[in-house]
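Q: Got a structure for you, questions after.
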Amino acid sequence: MSFIRRLTFVVSALVIALGGLVAGAQAPPFDLDTGDPLREALIPRLVPVLVTEVSPALGDVTLVNRVNSITILAMMDALVPYHPSAVGAYTRLERQPESARTQRNMNIASLHAAYHALASTIPSALPVWREMLTSAGLDPDDASMDANTPQGIGNLAGLGAVAGRLHDGYNQLGDYADTTGYAPVNTPTELRDPARWQPDRIRKGIGIYSAQQFVTPQMANVEPFADFDPREIRVPAPADSDPANAEAYKAQADEVLAVSANLTDEQKMLAEIFDNKVRAFGASFQVVSRNLGLSISENIIADFLVMLAIHDATIPTWQEKRRWDAVRPFSAIKHLYGDELVTAWGGPGKGTIELPASQWQSYLQEADHPEYPSGSACVCEAQAQAMRRYTGTDELNWVIDFPAGSSRIEPGITPAQDLQVTIATWSEFSDVCGKSRVWAGVHFWPSISASADVCGAVGDATYEYFAALIDGTAPERAPAQALPPDLRMNDRSS
């Protein structure tokens with residue numbers, strides 16, 4: 001393949017991975033009277049910044065959703081004064097008269113709110129966020145606190161959202177560094193305990209590597225939005241990841257190898273889209289928005305429900321990841337087979353080959369946290385249940401088009417032909433999302449089922465909190481505070 005053709009495929013794959021979005025510098029001026037602030041002003045600027053500043057493949061769910069959830073929270077709290085009944089999560093601003101409920105006013109308020117949220121969560125991109133406002137004819141230095149003007153409403157809502165979550169346990173002020181004292185028992189080069197998580201070595205260039213670190217283990221101590229106690233959500237021990245259970249340990253590793261050896265183009269592309277947390281959750285929700293005919297402001301408000309479900313689902317998931325600290329497939333496979341030949345996917349463009357187990361790689365880079373339970377499977381189940389409650393139906397009908405050669409992992413090769421996949425229901429959405437993590441080679445099957453068994457309840461809890469915000473019955477809440485440490489954090493006995 002020529003260099004130009006390969007470059008074209010790489011660029012095409014990147015555009016598809018970002019949902020067809022362009023960088024903020026290329027975004028057209030925003031029309032305050034008719035524009036959609038989320039789709040037209042914010043997302044085209046936010047996604048490239050997330051890629052460069054937070055998560056290159058948009059797969060780090062805790063950090064990506066940290067930015068997204070606070071931003072959508074701020075925008076929602078700026079819009080509820082223009083809503084007939086809704087109240088804000090962290091600000092209770094005076095309801096505006098019907099004459100003030102114009103698209104222009106709502107756009108001004110929501111953009112000012114988003115500006116403060118983004119300036120707080122990704123301050124390194126402050127010039128981008130300032131340009132977002134100036135391109136719409138707004139002044140980012142307008143510090144009005146007049147609760148009867150859209151600028152004042154936006155500033156109050158944005159600052160309220162930031163203050164409301166600043167001390168919630170994420171350790172934002174400490175650059176999201178671990179506050180739990182976690183230390184892996186294994187090193188990137190030595191598997192001392194084959195039941196436990198091993199940080200992988202990530203190749204950065206010829207002879208240059210970096211070692212993974214458990215990303216945000218303190219997520220286990222973050223205060224949820226919804227009314228539930230994460231400490232009451234537990235998953236059983238990952239018994240099959242204990243090498244003392246030799247037959248089961250080998251069987252689950254062999255299952256991953258068998259999947260790897262028989263990957264289809266459809267499985268590869270679905271693994272990629274569900275790894276991209278912006279596209280998977282955002283695009284599926286936009287199907288709902290279109291089907292329900294949501295207005296611009298209704299779409300932003302309802303998007304907060306998606307962010308709620310994802311945010312709150314990661315808390316018990318990270319709690320249990322931190323507790324069980326379970327081994328990833330790449331470590332178990334190398335432990336079992338060493339340099340023995342295995343049959344599996346051989347790497348980008350190589351198809352199925354025989355290779356030493358020590359050289360086996362997952363289709364996608366495994367995330368930088370322990371294996372069990374699956375975070376992706378949990379947040380997908382939570383979102384699915386929240387959306388079922390919101391829409392009153394399991395129907396989804398999300399049609400996904402994968403142009404030939406649009407793979408991020410195998411650009412120009414996969415899929416071999418244009419591919420279209422329809423995910424008909426939210427049940428299928430959750431099921432495929434979970435399976436995609438095994439297709440990707442980053443999880444064992446028990447990790448998927450463990451998440452599916454408990455995370456629907458989080459979706460219910462987040463929907464009920466969201467519904468209370470919308471009907472105006474949600475009580476006022478104090479700024480979030482970190483949860484007390486989990487007393488079972490180091491208890492691996494049950």
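Identifiers in the structure tokens: chain A, B, ... in order shown; residue index from 1 per chain; ligand index from 1 in order shown.
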Just asking: which residues within segment 149-377 of chain A are alpha helix (DSSP H) according to DSSP, as a PyMOL selection string?
A: chain A and resi 150-165+246-261+265-275+277-292+296-324+329-337+375-377
Q: Do you have, as a Markdown table, the list of residues of segment 231-295 of chain A lying at most 10 Å from segment 359-381 of chain A, each with its nearest atom pair and that distance in Å to one decimal, counting only C-alpha atoms and ordered by chain then number?
A:
| residue | atom | partner | partner_atom | distance |
| --- | --- | --- | --- | --- |
| A:Val235 | CA | A:Pro373 | CA | 7.8 |
| A:Pro236 | CA | A:Pro373 | CA | 9.6 |
| A:Ala237 | CA | A:Tyr372 | CA | 9.0 |
| A:Pro238 | CA | A:Tyr372 | CA | 7.1 |
| A:Ser241 | CA | A:Tyr372 | CA | 9.2 |
| A:Val256 | CA | A:Ser362 | CA | 9.1 |
| A:Leu257 | CA | A:Trp360 | CA | 9.0 |
| A:Ser260 | CA | A:Tyr363 | CA | 7.6 |
| A:Leu263 | CA | A:Tyr363 | CA | 9.1 |
| A:Lys268 | CA | A:Tyr363 | CA | 7.7 |
| A:Ala271 | CA | A:Leu364 | CA | 7.9 |
| A:Glu272 | CA | A:Leu364 | CA | 7.7 |
| A:Phe274 | CA | A:Ser376 | CA | 7.9 |
| A:Asp275 | CA | A:Ser376 | CA | 7.9 |
| A:Lys277 | CA | A:Ser376 | CA | 8.6 |
| A:Ala280 | CA | A:Cys380 | CA | 9.1 |
| A:Phe281 | CA | A:Cys380 | CA | 8.0 |
Q: From the list A:Glu354, A:Asp229, A:Asp303, A:Glu464, which residue is nearest Arg39 of chain A when using only C-alpha atoms?
A: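 Closest residue, counting only C-alpha atoms: A:Asp303.
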Q: Smallest atom-to-atom distance to Val442 of chain A: which of A:Ala253, A:Ala461, A:Leu341, A:Ala248, using only C-alpha atoms?
A: A:Ala253
Q: Leaving out Tyr465 of chain A and any residue of its chain fewer than 4 positions from it, which residues lie within 12 Å of it when counting only C-alpha atoms, given as an NGL selection string?
A: :A and (86-89 or 224-228 or 304-305 or 308-309 or 312 or 386 or 389-390 or 458-461 or 469-477)
Q: Work out how far atom CA of Gln213 of chain A is from atom CA of Pro243 of chain A, in Å to one decimal.
A: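 So the two atoms, atom CA of Pro243 of chain A and atom CA of Gln213 of chain A, lie 23.5 Å apart.
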Q: Sort by chain and increasing residue number a table of all residues of segment 413-455 of chain A within 6 Å of segment 397-401 of chain A, each with its closest pair of atoms and their distance in Å to one decimal, counting only C-alpha atoms, and write it as JSON lines.
A:
{"residue": "A:Leu419", "atom": "CA", "partner": "A:Asp401", "partner_atom": "CA", "distance": 5.9}
{"residue": "A:Gln420", "atom": "CA", "partner": "A:Asp401", "partner_atom": "CA", "distance": 4.5}
{"residue": "A:Val421", "atom": "CA", "partner": "A:Ile400", "partner_atom": "CA", "distance": 5.2}
{"residue": "A:Thr422", "atom": "CA", "partner": "A:Val399", "partner_atom": "CA", "distance": 4.4}
{"residue": "A:Ile423", "atom": "CA", "partner": "A:Trp398", "partner_atom": "CA", "distance": 5.1}
{"residue": "A:Ala424", "atom": "CA", "partner": "A:Asn397", "partner_atom": "CA", "distance": 4.1}
Q: Closest to Arg201 of chain A among A:Thr189, A:Ala440, A:Thr121, A:Ala157, using only C-alpha atoms?
A: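 Of A:Thr189, A:Ala440, A:Thr121, A:Ala157, the one nearest Arg201 of chain A is A:Thr189, counting only C-alpha atoms.
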Q: Set the distance at 8 Å and use only C-alpha atoms: which residues neighbour Pro230 of chain A once local chain neighbours fewer than 5 positions away are removed? I'd like the list as a list in words.
A: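 Here the answer would be Ile315, Pro316 and Gln319 of chain A.
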Q: Please compute the atom CA of Pro44 of chain A-atom CA of Met387 of chain A distance, one decimal, in Å.
A: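 Distance reported for this atom pair: 24.7 Å.
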Q: Which distance in Å separates atom CA of Val64 of chain A and atom CA of Arg234 of chain A, to one decimal?
A: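 The value is 24.4 Å.
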Q: With only C-alpha atoms as the atoms that count, which of A:Leu63, A:Val438, A:Leu173, A:Leu191 lies nearest to Val259 of chain A?
A: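 Among the listed residues, the smallest separation from Val259 of chain A belongs to A:Val438.
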Q: Select, from A:Gly441, A:Pro28, A:Gly154, A:Pro97, the residue with the minimum atom-to-atom distance to Leu111 of chain A, counting only C-alpha atoms.
A: A:Gly154
Q: Of the residues A:Tyr82, A:Tyr90, A:Phe402, A:Trp324, which is the one nearest to Ala480 of chain A, using only C-alpha atoms?
A: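 For Ala480 of chain A, the nearest of the given residues is A:Tyr90.
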Q: DSSP says strand (DSSP E) for which residues of segment 322-398 of chain A? Put them as a list in words?
A: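 Going through segment 322-398 of chain A, the strand (DSSP E) residues come out as Leu341, Val342, Thr343, Ala344, Trp345, Thr352, Ile353, Glu354, Leu355, Pro356, Glu395, Leu396, Asn397 and Trp398 of chain A.
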Q: Please list as a tab-separated table (two decimals) with C-alpha atoms, in the first residue's frame every residue within 10 Å of segment 161-166 of chain A, counting only C-alpha atoms and excluding residues in the same chain fewer than 4 positions away.
A:
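So out_9.tsv came out as:
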chain	number	residue	atom	x	y	z
A	66	ARG	CA	-15.03	13.23	34.70
A	69	SER	CA	-20.15	14.70	33.46
A	70	ILE	CA	-19.16	18.02	35.04
A	71	THR	CA	-19.61	19.81	31.73
A	72	ILE	CA	-23.07	18.39	31.07
A	73	LEU	CA	-23.99	18.93	34.74
A	74	ALA	CA	-23.08	22.61	34.37
A	75	MET	CA	-25.06	22.95	31.14
A	76	MET	CA	-28.09	21.22	32.62
A	77	ASP	CA	-28.05	23.38	35.73
A	78	ALA	CA	-27.90	26.42	33.45
A	88	GLY	CA	-30.48	22.00	39.39
A	89	ALA	CA	-28.24	19.50	41.12
A	90	TYR	CA	-25.91	22.06	42.75
A	91	THR	CA	-27.58	25.39	42.03
A	113	ALA	CA	-21.70	27.18	32.16
A	114	ALA	CA	-19.72	24.79	29.96
A	116	HIS	CA	-16.40	27.22	33.61
A	117	ALA	CA	-16.63	23.41	33.76
A	118	LEU	CA	-14.04	22.94	31.02
A	119	ALA	CA	-11.73	25.62	32.36
A	120	SER	CA	-11.72	23.72	35.65
A	121	THR	CA	-11.35	20.15	34.37
A	155	ASN	CA	-21.73	31.61	35.30
A	156	LEU	CA	-23.57	30.64	38.49
A	157	ALA	CA	-24.45	27.18	37.18
A	170	TYR	CA	-11.60	12.21	42.42
A	171	ASN	CA	-8.67	14.29	43.75
A	172	GLN	CA	-8.94	16.79	40.94
A	173	LEU	CA	-6.86	19.32	42.87
A	222	VAL	CA	-16.06	9.13	44.87
A	223	GLU	CA	-19.47	10.28	46.06
A	225	PHE	CA	-24.89	11.48	42.34
A	477	ARG	CA	-27.55	18.81	48.09
A	478	ALA	CA	-24.34	19.96	49.68
A	479	PRO	CA	-21.07	19.88	47.74
A	480	ALA	CA	-19.88	16.32	47.26
A	481	GLN	CA	-17.34	14.83	49.66
A	482	ALA	CA	-15.15	11.77	49.28
Q: Please provide as a ChimeraX atom specification all residues within 9 Å of segment 106-109 of chain A, with the sequence filter that same-chain residues fewer than 5 positions apart are discarded (counting only C-alpha atoms).
A: /A:32-37,75,78-79,82,100-101,114,133,136,138,149-155,157,297
